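Take a look at the structure below.
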Amino acid sequence: MSTAPTPPPHDVTARATGPATDPAIPAGTLPRLMPRTAIRDLGTHLDTYGPLPAPSSALIAAVREAGLVGRGGSGFPTGVKMAAVAAHGRRTVVVANGTEGEPASLKDRTLMAQVPHLVLDGVSLAASALDATEAVVCIDVAHGQVAAIMADALAQRVAAGVDRVPIRIELSPNRYVAGEETALIHWLNGGEAKPTATPPRPFEKGVKGRPTLVDNVETLADVALIARYGPAWFRSLGATAEPGTMLTTMSGAVGTPGVYEVATNTSLSAALEHAGADLAQVSALLVGGYFGTWIPTSMASHLTFTHASLRTHGGSIGCGAVFALPGEVCGLAETARITRWLAEQNAGQCGPCVNGLPAMADALDQVVAAGMDAHMARDRLDHLLVLVEGRGGCRHPDGVVRMVRSAMSTFAADIDRHLAGVPCAPSPALLPTPITGGWR
Ligand SMILES: Cc1cc2nc3c(=O)[nH]c(=O)nc-3n(C[C@H](O)[C@H](O)[C@H](O)COP(=O)(O)O)c2cc1C
Ligand code: SF4
């Protein structure tokens, strides 16, 4: 490991209007978050991105001014959340959410493996800005290799004494809903990784009852860049209302599946073509992961990697995952499979979720089978979608309802065919449905 340079006195406030010196990454250029080769050595990292700025609470205003919105799924303004945590008192806690239970996404794991120090810089700087006493990076217990890379990076930092606030890594349970922020807090407090919808929210009372900032690891890596280069630099790429870049995991009918960094105002079609997709061979896209929405491929040139853009189509960019469905594969069958998987991920707490989601998966299977009971199954599905929506203890069932509704409109012609008794030709299962573990 090379020796870490002593962080110079660096005023984040001065950077609120732009960097005082030339940033290591010129404004308006890519990549920002994802260099072509991994940078795991602290010295190389600091040489590449520049020294770690001195801790300052002014970072909160800078993040707000930069217009960063969370990259974990909900797209909430990060600076607003940081300010809310700060307003709830001192001795706060920062939780970096690197659990990435979303099967269609690899971006958080890839980011942590490529630039572990950039993520840890963000954790460190956010923790200092919030006067935190501790910071935790949560990584899914099934992602051991990434956890090892992060642990090595952390050990380098401890040896070099770069972080003011102690940071530790925790291996969280391998469950989809364990990445939900309240589930993570329960688990960090010694309980089960199950979500709750009732207040207090983490920014009020989180880990050990303290105000807690829960942010996705990509969001925190962006915080590290904003602290170094300033809000104007951050805004030099991407959409005006949701600036910056986003990591997107592109899979399915693309030539080179993987994680790509795009400016948020990039069209879905441009990104997919960059990844080698022939859009003429793609019948639909699942955008935003399993909580996302199915959209017809014809929409891809009108939609960008922003929440606002996807909202016009009733969806969300979520965690940025985009799956391209090959023309010959039945989208409804894929929807039925992932609905079944999502049903199995429930936390066993709420009836509409525990009973409603498997019933939705059953009804979808029956429609796909195109048998005599397909009509009744479709009617039951319509009923279940209304019955389940808004009734769970967390957003899990609502995410499933939204995804299934989008499938029913995007694959309306397939449904009509199935109702007329014509099934699709059998096709391989494409969207992954990994085996997950228990609660603790
Ligand atoms: C069922 C469920 C699973 C979630 N899983 C993750 C996850 O794996 N990683 C993540 O960052 N956020 C996940 N979230 C969102 C978190 O609750 C939270 O909004 C996010 O970590 C906040 O970070 P951000 O503001 O930086 O996006 C999930 C939400 C739900 C409802
Ligand atoms: S809605 Fe489902 S996942 Fe959410 S708390 Fe209830 S049972 Fe658990």
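Identifiers in the structure tokens: chain A, B, ... in order shown; residue index from 1 per chain; ligand index from 1 in order shown.
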
Write out as a Markdown table the residues of chain A that have any atom within 10 Å of an atom of ligand 2, one row each with the nearest atom pair and its distance in Å to one decimal, counting only C-alpha atoms and all ligand atoms, sorted by chain and then rising number.
```
| residue | atom | partner | partner_atom_place_in_ligand_line | distance |
| --- | --- | --- | --- | --- |
| A:Tyr176 | CA | ligand 2 | 3 (S) | 8.8 |
| A:Val177 | CA | ligand 2 | 3 (S) | 6.1 |
| A:Ala178 | CA | ligand 2 | 3 (S) | 9.0 |
| A:Glu180 | CA | ligand 2 | 4 (Fe) | 9.1 |
| A:Thr182 | CA | ligand 2 | 5 (S) | 9.8 |
| A:Ala183 | CA | ligand 2 | 5 (S) | 8.7 |
| A:Ala193 | CA | ligand 2 | 8 (Fe) | 9.5 |
| A:Lys194 | CA | ligand 2 | 8 (Fe) | 6.1 |
| A:Pro195 | CA | ligand 2 | 5 (S) | 4.9 |
| A:Thr196 | CA | ligand 2 | 5 (S) | 5.7 |
| A:Ala197 | CA | ligand 2 | 5 (S) | 7.4 |
| A:Leu342 | CA | ligand 2 | 3 (S) | 9.2 |
| A:Ala343 | CA | ligand 2 | 2 (Fe) | 8.4 |
| A:Glu344 | CA | ligand 2 | 3 (S) | 9.5 |
| A:Gln345 | CA | ligand 2 | 3 (S) | 7.0 |
| A:Asn346 | CA | ligand 2 | 3 (S) | 4.1 |
| A:Ala347 | CA | ligand 2 | 8 (Fe) | 3.5 |
| A:Gly348 | CA | ligand 2 | 7 (S) | 4.5 |
| A:Gln349 | CA | ligand 2 | 7 (S) | 3.8 |
| A:Cys350 | CA | ligand 2 | 6 (Fe) | 4.1 |
| A:Gly351 | CA | ligand 2 | 7 (S) | 6.9 |
| A:Pro352 | CA | ligand 2 | 1 (S) | 7.3 |
| A:Cys353 | CA | ligand 2 | 2 (Fe) | 4.6 |
| A:Val354 | CA | ligand 2 | 7 (S) | 5.7 |
| A:Asn355 | CA | ligand 2 | 7 (S) | 9.3 |
| A:Gly356 | CA | ligand 2 | 2 (Fe) | 9.7 |
| A:Leu357 | CA | ligand 2 | 2 (Fe) | 8.9 |
| A:Val388 | CA | ligand 2 | 1 (S) | 9.2 |
| A:Glu389 | CA | ligand 2 | 1 (S) | 9.8 |
| A:Gly390 | CA | ligand 2 | 1 (S) | 8.9 |
| A:Arg391 | CA | ligand 2 | 1 (S) | 7.2 |
| A:Gly392 | CA | ligand 2 | 1 (S) | 3.5 |
| A:Gly393 | CA | ligand 2 | 6 (Fe) | 4.0 |
| A:Cys394 | CA | ligand 2 | 4 (Fe) | 3.9 |
| A:Arg395 | CA | ligand 2 | 4 (Fe) | 6.1 |
| A:His396 | CA | ligand 2 | 4 (Fe) | 5.1 |
| A:Pro397 | CA | ligand 2 | 1 (S) | 5.6 |
| A:Asp398 | CA | ligand 2 | 1 (S) | 8.2 |
| A:Gly399 | CA | ligand 2 | 1 (S) | 10.0 |
```

DSSP helix (DSSP H, G or I) selection over region 184-289 of chain A, as a ChimeraX atom specification
/A:184-188,207-209,217-229,231-234,268-274,279-281,289

Pull C-alpha atoms from the residues just selected and write them as a PDB file, in the first residue's frame.
```
ATOM      1  CA  LEU A 184     -31.576  -2.503   8.150  1.00  0.00           C
ATOM      2  CA  ILE A 185     -32.005  -0.342  11.252  1.00  0.00           C
ATOM      3  CA  HIS A 186     -33.936  -3.102  13.078  1.00  0.00           C
ATOM      4  CA  TRP A 187     -31.231  -5.555  12.213  1.00  0.00           C
ATOM      5  CA  LEU A 188     -28.391  -3.224  13.279  1.00  0.00           C
ATOM      6  CA  VAL A 207     -29.357   2.976  15.114  1.00  0.00           C
ATOM      7  CA  LYS A 208     -29.278   2.987  18.953  1.00  0.00           C
ATOM      8  CA  GLY A 209     -32.176   5.445  18.843  1.00  0.00           C
ATOM      9  CA  VAL A 217     -23.366   3.421  -1.485  1.00  0.00           C
ATOM     10  CA  GLU A 218     -23.514   5.033  -4.953  1.00  0.00           C
ATOM     11  CA  THR A 219     -25.172   8.114  -3.429  1.00  0.00           C
ATOM     12  CA  LEU A 220     -22.307   8.343  -0.924  1.00  0.00           C
ATOM     13  CA  ALA A 221     -19.679   7.997  -3.664  1.00  0.00           C
ATOM     14  CA  ASP A 222     -21.362  10.980  -5.353  1.00  0.00           C
ATOM     15  CA  VAL A 223     -21.180  12.863  -2.037  1.00  0.00           C
ATOM     16  CA  ALA A 224     -17.408  12.270  -2.065  1.00  0.00           C
ATOM     17  CA  LEU A 225     -17.163  13.768  -5.558  1.00  0.00           C
ATOM     18  CA  ILE A 226     -19.297  16.785  -4.634  1.00  0.00           C
ATOM     19  CA  ALA A 227     -17.111  17.414  -1.561  1.00  0.00           C
ATOM     20  CA  ARG A 228     -14.010  17.376  -3.776  1.00  0.00           C
ATOM     21  CA  TYR A 229     -15.160  19.153  -6.916  1.00  0.00           C
ATOM     22  CA  PRO A 231     -21.910  21.365  -6.950  1.00  0.00           C
ATOM     23  CA  ALA A 232     -21.275  23.157 -10.268  1.00  0.00           C
ATOM     24  CA  TRP A 233     -18.938  20.368 -11.355  1.00  0.00           C
ATOM     25  CA  PHE A 234     -21.527  17.776 -10.324  1.00  0.00           C
ATOM     26  CA  LEU A 268     -32.642   4.475 -22.430  1.00  0.00           C
ATOM     27  CA  SER A 269     -32.291   3.617 -26.130  1.00  0.00           C
ATOM     28  CA  ALA A 270     -28.866   5.293 -26.418  1.00  0.00           C
ATOM     29  CA  ALA A 271     -27.606   3.462 -23.319  1.00  0.00           C
ATOM     30  CA  LEU A 272     -28.922   0.106 -24.521  1.00  0.00           C
ATOM     31  CA  GLU A 273     -27.418   0.561 -27.974  1.00  0.00           C
ATOM     32  CA  HIS A 274     -24.128   1.486 -26.327  1.00  0.00           C
ATOM     33  CA  LEU A 279     -33.690  -2.665 -30.179  1.00  0.00           C
ATOM     34  CA  ALA A 280     -35.549  -4.191 -33.129  1.00  0.00           C
ATOM     35  CA  GLN A 281     -35.058  -7.563 -31.382  1.00  0.00           C
ATOM     36  CA  GLY A 289     -35.439  -3.653 -11.263  1.00  0.00           C
TER      37      GLY A 289
END
```

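Selection of all polymer residues within 6 Å of ligand 1 on the basis of only C-alpha atoms and all ligand atoms gives Gly70, Arg71, Gly72, Gly73, Ser74, Gly75, Phe76, Thr78, Asn97, Gly98, Thr99, Glu100, Gly101, Glu102, Tyr176, Val177, Gly179, Glu180, Glu181, Val214, Asp215, Asn216, Thr219, Arg395 and His396 of chain A.
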
Requested write-out: C-alpha atoms of the selected residues, as a short mmCIF file (atom, residue, chain, number, x, y, z; two decimals), in the first residue's frame:
```cif
data_model
loop_
_atom_site.label_atom_id
_atom_site.label_comp_id
_atom_site.auth_asym_id
_atom_site.auth_seq_id
_atom_site.Cartn_x
_atom_site.Cartn_y
_atom_site.Cartn_z
CA GLY A 70 -30.56 9.04 -3.82
CA ARG A 71 -29.40 6.19 -6.06
CA GLY A 72 -30.92 3.43 -3.87
CA GLY A 73 -34.35 3.55 -5.50
CA SER A 74 -36.61 6.24 -4.11
CA GLY A 75 -34.75 9.23 -5.59
CA PHE A 76 -35.11 11.35 -2.45
CA THR A 78 -29.82 13.59 -0.41
CA ASN A 97 -26.65 0.72 2.17
CA GLY A 98 -24.62 -1.67 0.04
CA THR A 99 -26.96 -4.64 0.46
CA GLU A 100 -28.16 -4.70 -3.17
CA GLY A 101 -30.78 -7.43 -2.86
CA GLU A 102 -32.19 -6.50 -6.26
CA TYR A 176 -34.66 -8.72 -0.68
CA VAL A 177 -36.48 -6.66 1.96
CA GLY A 179 -32.15 -3.62 2.14
CA GLU A 180 -35.17 -1.53 3.07
CA GLU A 181 -33.90 1.16 5.42
CA VAL A 214 -29.26 5.74 5.48
CA ASP A 215 -27.88 6.28 2.01
CA ASN A 216 -27.09 3.99 -0.86
CA THR A 219 -25.17 8.11 -3.43
CA ARG A 395 -43.54 -0.63 0.17
CA HIS A 396 -42.72 -4.22 -0.84
#
```

Each residue of region 215-304 of chain A lying at most 7 Å from region 316-333 of chain A should get a row with its shortest atom-to-atom pair and the distance in Å to one decimal, counting only C-alpha atoms; could you produce that, ordered by chain and increasing number, as a tab-separated table?
```
residue	atom	partner	partner_atom	distance
A:Leu247	CA	A:Gly320	CA	6.5
A:Thr248	CA	A:Gly320	CA	4.7
A:Thr249	CA	A:Ala321	CA	4.6
A:Met250	CA	A:Val322	CA	4.9
A:Ser251	CA	A:Phe323	CA	4.9
A:Gly252	CA	A:Ala324	CA	4.8
A:Ala253	CA	A:Ala324	CA	5.1
A:Val254	CA	A:Ala324	CA	6.9
A:Gln281	CA	A:Gly327	CA	5.4
A:Val282	CA	A:Pro326	CA	4.7
A:Ser283	CA	A:Gly327	CA	4.6
A:Ala284	CA	A:Leu325	CA	5.3
A:Leu285	CA	A:Ala324	CA	4.8
A:Leu286	CA	A:Phe323	CA	5.0
A:Val287	CA	A:Val322	CA	4.6
A:Gly288	CA	A:Gly318	CA	4.3
A:Gly289	CA	A:Ala321	CA	5.2
A:Gly292	CA	A:Ser316	CA	6.1
```

Residues flagged strand (DSSP E or B) by DSSP in region 60-270 of chain A, as JSON, numbers by chain:
{"A": [69, 77, 92, 93, 94, 95, 96, 97, 98, 132, 133, 134, 135, 136, 137, 138, 139, 140, 167, 168, 169, 170, 171, 172, 212, 213, 214, 215, 216, 238, 243, 245, 246, 247, 248, 249, 250, 251, 252, 258, 259, 260, 261, 262, 263, 267]}

Please provide as a compact mmCIF listing (two decimals) with all heavy atoms, in the first residue's frame all residues within 6 Å of region 133-142 of chain A, with the sequence filter that same-chain residues fewer than 2 positions apart are discarded (counting only C-alpha atoms).
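Contents of around-v6.txt, freshly written:
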```
# COMPACT_ATOMS: atom_id res chain seq x y z
N ARG A 91 -24.45 13.35 17.71
CA ARG A 91 -24.17 11.92 17.91
C ARG A 91 -25.02 11.07 16.96
O ARG A 91 -25.72 10.14 17.35
CB ARG A 91 -24.43 11.51 19.36
CG ARG A 91 -23.51 12.22 20.35
CD ARG A 91 -23.84 11.88 21.80
NE ARG A 91 -23.70 10.46 22.08
CZ ARG A 91 -22.55 9.81 22.23
NH1 ARG A 91 -21.42 10.47 22.11
NH2 ARG A 91 -22.52 8.54 22.51
N VAL A 93 -25.65 8.74 13.35
CA VAL A 93 -25.05 7.52 12.78
C VAL A 93 -25.26 7.57 11.26
O VAL A 93 -26.29 8.05 10.79
CB VAL A 93 -25.71 6.25 13.37
CG1 VAL A 93 -25.11 4.98 12.76
CG2 VAL A 93 -25.58 6.22 14.89
N VAL A 94 -24.27 7.09 10.52
CA VAL A 94 -24.41 6.99 9.06
C VAL A 94 -24.39 5.51 8.68
O VAL A 94 -23.52 4.76 9.12
CB VAL A 94 -23.28 7.76 8.33
CG1 VAL A 94 -23.28 7.43 6.84
CG2 VAL A 94 -23.46 9.27 8.54
N VAL A 95 -25.39 5.11 7.90
CA VAL A 95 -25.45 3.73 7.39
C VAL A 95 -25.35 3.78 5.88
O VAL A 95 -26.16 4.42 5.21
CB VAL A 95 -26.77 3.04 7.82
CG1 VAL A 95 -26.89 1.65 7.17
CG2 VAL A 95 -26.86 2.93 9.34
N ALA A 96 -24.33 3.13 5.35
CA ALA A 96 -24.18 3.04 3.89
C ALA A 96 -24.86 1.74 3.45
O ALA A 96 -24.47 0.65 3.88
CB ALA A 96 -22.71 3.02 3.52
N ASN A 97 -25.87 1.88 2.60
CA ASN A 97 -26.65 0.72 2.17
C ASN A 97 -26.02 0.10 0.92
O ASN A 97 -26.19 0.58 -0.19
CB ASN A 97 -28.10 1.16 1.91
CG ASN A 97 -29.05 -0.01 1.77
OD1 ASN A 97 -28.60 -1.16 1.59
ND2 ASN A 97 -30.33 0.26 1.85
N GLY A 98 -25.25 -0.96 1.16
CA GLY A 98 -24.62 -1.67 0.04
C GLY A 98 -25.16 -3.09 -0.06
O GLY A 98 -24.47 -3.99 -0.53
N THR A 99 -26.40 -3.28 0.39
CA THR A 99 -26.96 -4.64 0.46
C THR A 99 -27.31 -5.19 -0.92
O THR A 99 -27.12 -6.37 -1.18
CB THR A 99 -28.23 -4.65 1.34
OG1 THR A 99 -29.14 -3.68 0.85
CG2 THR A 99 -27.89 -4.34 2.78
N GLY A 144 -19.57 -11.93 -0.26
CA GLY A 144 -18.36 -11.99 0.57
C GLY A 144 -17.12 -11.39 -0.08
O GLY A 144 -16.31 -10.76 0.59
N VAL A 165 -14.33 9.66 11.81
CA VAL A 165 -15.39 8.86 12.45
C VAL A 165 -15.11 7.37 12.20
O VAL A 165 -14.79 6.99 11.08
CB VAL A 165 -16.77 9.24 11.84
CG1 VAL A 165 -17.88 8.38 12.44
CG2 VAL A 165 -17.04 10.73 12.02
N PRO A 166 -15.20 6.53 13.24
CA PRO A 166 -14.96 5.09 13.01
C PRO A 166 -16.00 4.48 12.07
O PRO A 166 -17.19 4.74 12.21
CB PRO A 166 -15.05 4.48 14.41
CG PRO A 166 -15.66 5.51 15.28
CD PRO A 166 -15.50 6.85 14.64
N ILE A 167 -15.49 3.69 11.13
CA ILE A 167 -16.37 3.02 10.15
C ILE A 167 -16.22 1.52 10.35
O ILE A 167 -15.11 1.02 10.54
CB ILE A 167 -15.95 3.39 8.70
CG1 ILE A 167 -15.96 4.92 8.50
CG2 ILE A 167 -16.86 2.71 7.68
CD1 ILE A 167 -15.40 5.38 7.15
N ARG A 168 -17.34 0.79 10.29
CA ARG A 168 -17.24 -0.67 10.34
C ARG A 168 -18.11 -1.27 9.24
O ARG A 168 -18.99 -0.60 8.69
CB ARG A 168 -17.61 -1.22 11.72
CG ARG A 168 -19.05 -1.04 12.12
CD ARG A 168 -19.33 -1.69 13.48
NE ARG A 168 -20.75 -1.89 13.70
CZ ARG A 168 -21.60 -0.95 14.11
NH1 ARG A 168 -21.16 0.27 14.34
NH2 ARG A 168 -22.87 -1.23 14.28
N ILE A 169 -17.83 -2.53 8.94
CA ILE A 169 -18.60 -3.23 7.91
C ILE A 169 -19.45 -4.30 8.60
O ILE A 169 -18.97 -5.02 9.47
CB ILE A 169 -17.66 -3.88 6.88
CG1 ILE A 169 -16.94 -2.77 6.09
CG2 ILE A 169 -18.42 -4.79 5.91
CD1 ILE A 169 -15.79 -3.26 5.24
N GLU A 170 -20.72 -4.38 8.22
CA GLU A 170 -21.61 -5.42 8.76
C GLU A 170 -22.18 -6.22 7.60
O GLU A 170 -22.56 -5.65 6.58
CB GLU A 170 -22.77 -4.79 9.55
CG GLU A 170 -22.35 -4.05 10.82
CD GLU A 170 -22.03 -4.98 11.98
OE1 GLU A 170 -22.14 -6.21 11.83
OE2 GLU A 170 -21.63 -4.45 13.06
N LEU A 171 -22.24 -7.54 7.78
CA LEU A 171 -22.79 -8.41 6.74
C LEU A 171 -24.27 -8.66 7.01
O LEU A 171 -24.62 -9.33 7.98
CB LEU A 171 -22.01 -9.73 6.69
CG LEU A 171 -20.51 -9.58 6.42
CD1 LEU A 171 -19.82 -10.93 6.39
CD2 LEU A 171 -20.27 -8.84 5.09
N SER A 172 -25.11 -8.10 6.18
CA SER A 172 -26.55 -8.13 6.43
C SER A 172 -27.19 -9.39 5.83
O SER A 172 -26.61 -10.03 4.94
CB SER A 172 -27.19 -6.87 5.83
OG SER A 172 -26.81 -6.75 4.48
N PRO A 173 -28.39 -9.77 6.32
CA PRO A 173 -29.04 -10.99 5.84
C PRO A 173 -29.33 -10.93 4.34
O PRO A 173 -29.63 -9.86 3.80
CB PRO A 173 -30.35 -11.05 6.63
CG PRO A 173 -30.16 -10.14 7.78
CD PRO A 173 -29.19 -9.09 7.35
N ASN A 174 -29.28 -12.10 3.73
CA ASN A 174 -29.47 -12.21 2.29
C ASN A 174 -30.97 -12.33 1.97
O ASN A 174 -31.49 -13.39 1.68
CB ASN A 174 -28.69 -13.46 1.80
CG ASN A 174 -28.89 -13.74 0.34
OD1 ASN A 174 -29.24 -14.85 -0.04
ND2 ASN A 174 -28.69 -12.75 -0.48
```

Minimum-distance residue to Thr264 (chain A), chosen among A:Leu42, A:Leu59, A:Val69, A:Ala153 (using only C-alpha atoms):
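Between A:Leu42, A:Leu59, A:Val69, A:Ala153, the residue approaching Thr264 (chain A) most closely is A:Val69.
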
Quick one: residues within 9 Å of region 410-427 of chain A, only C-alpha atoms, excluding same-chain residues fewer than 2 positions away - as a VMD selection string?
chain A and resid 284 294 to 296 328 to 333 367 to 375 378 405 to 408 429 to 430

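Interatomic distance, CA of Ala86 (chain A) to CA of Glu242 (chain A): 23.0 Å.
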
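Of note, CA of Leu130 (chain A) and CA of Met112 (chain A) are spaced 22.7 Å apart.
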
From the list A:Val259, A:Ala277, A:Met376, A:Leu384, which residue is nearest Arg36 (chain A) when using only C-alpha atoms?
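Distance minimum relative to Arg36 (chain A) lands on A:Val259.
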
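Each of A:Thr339, A:Asn189, A:Pro35, A:Ala66 was compared to Ser236 (chain A) using only C-alpha atoms, and A:Ala66 turns out to be the nearest.
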
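Candidate residues A:Ala58, A:Leu303, A:Leu310, A:Leu33 were compared for distance to His117 (chain A), and the nearest is A:Leu33, using only C-alpha atoms.
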
Near Met82 (chain A), counting only C-alpha atoms, which residues have an atom at most 9 Å away, once you skip same-chain residues fewer than 3 positions from it, shown as a list in words?
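So the residues in contact are Ile60, Val63, Arg64, Pro77, Thr78, Gly79, Val85, Ala86, Ala87, Ala126, Ala129, Leu130, Phe203 and Leu213 of chain A.
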
Would you compute the distance between CA of Val146 (chain A) and CA of Thr110 (chain A)? Give it in Å to one decimal.
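CA of Thr110 (chain A) lies 8.2 Å from CA of Val146 (chain A).
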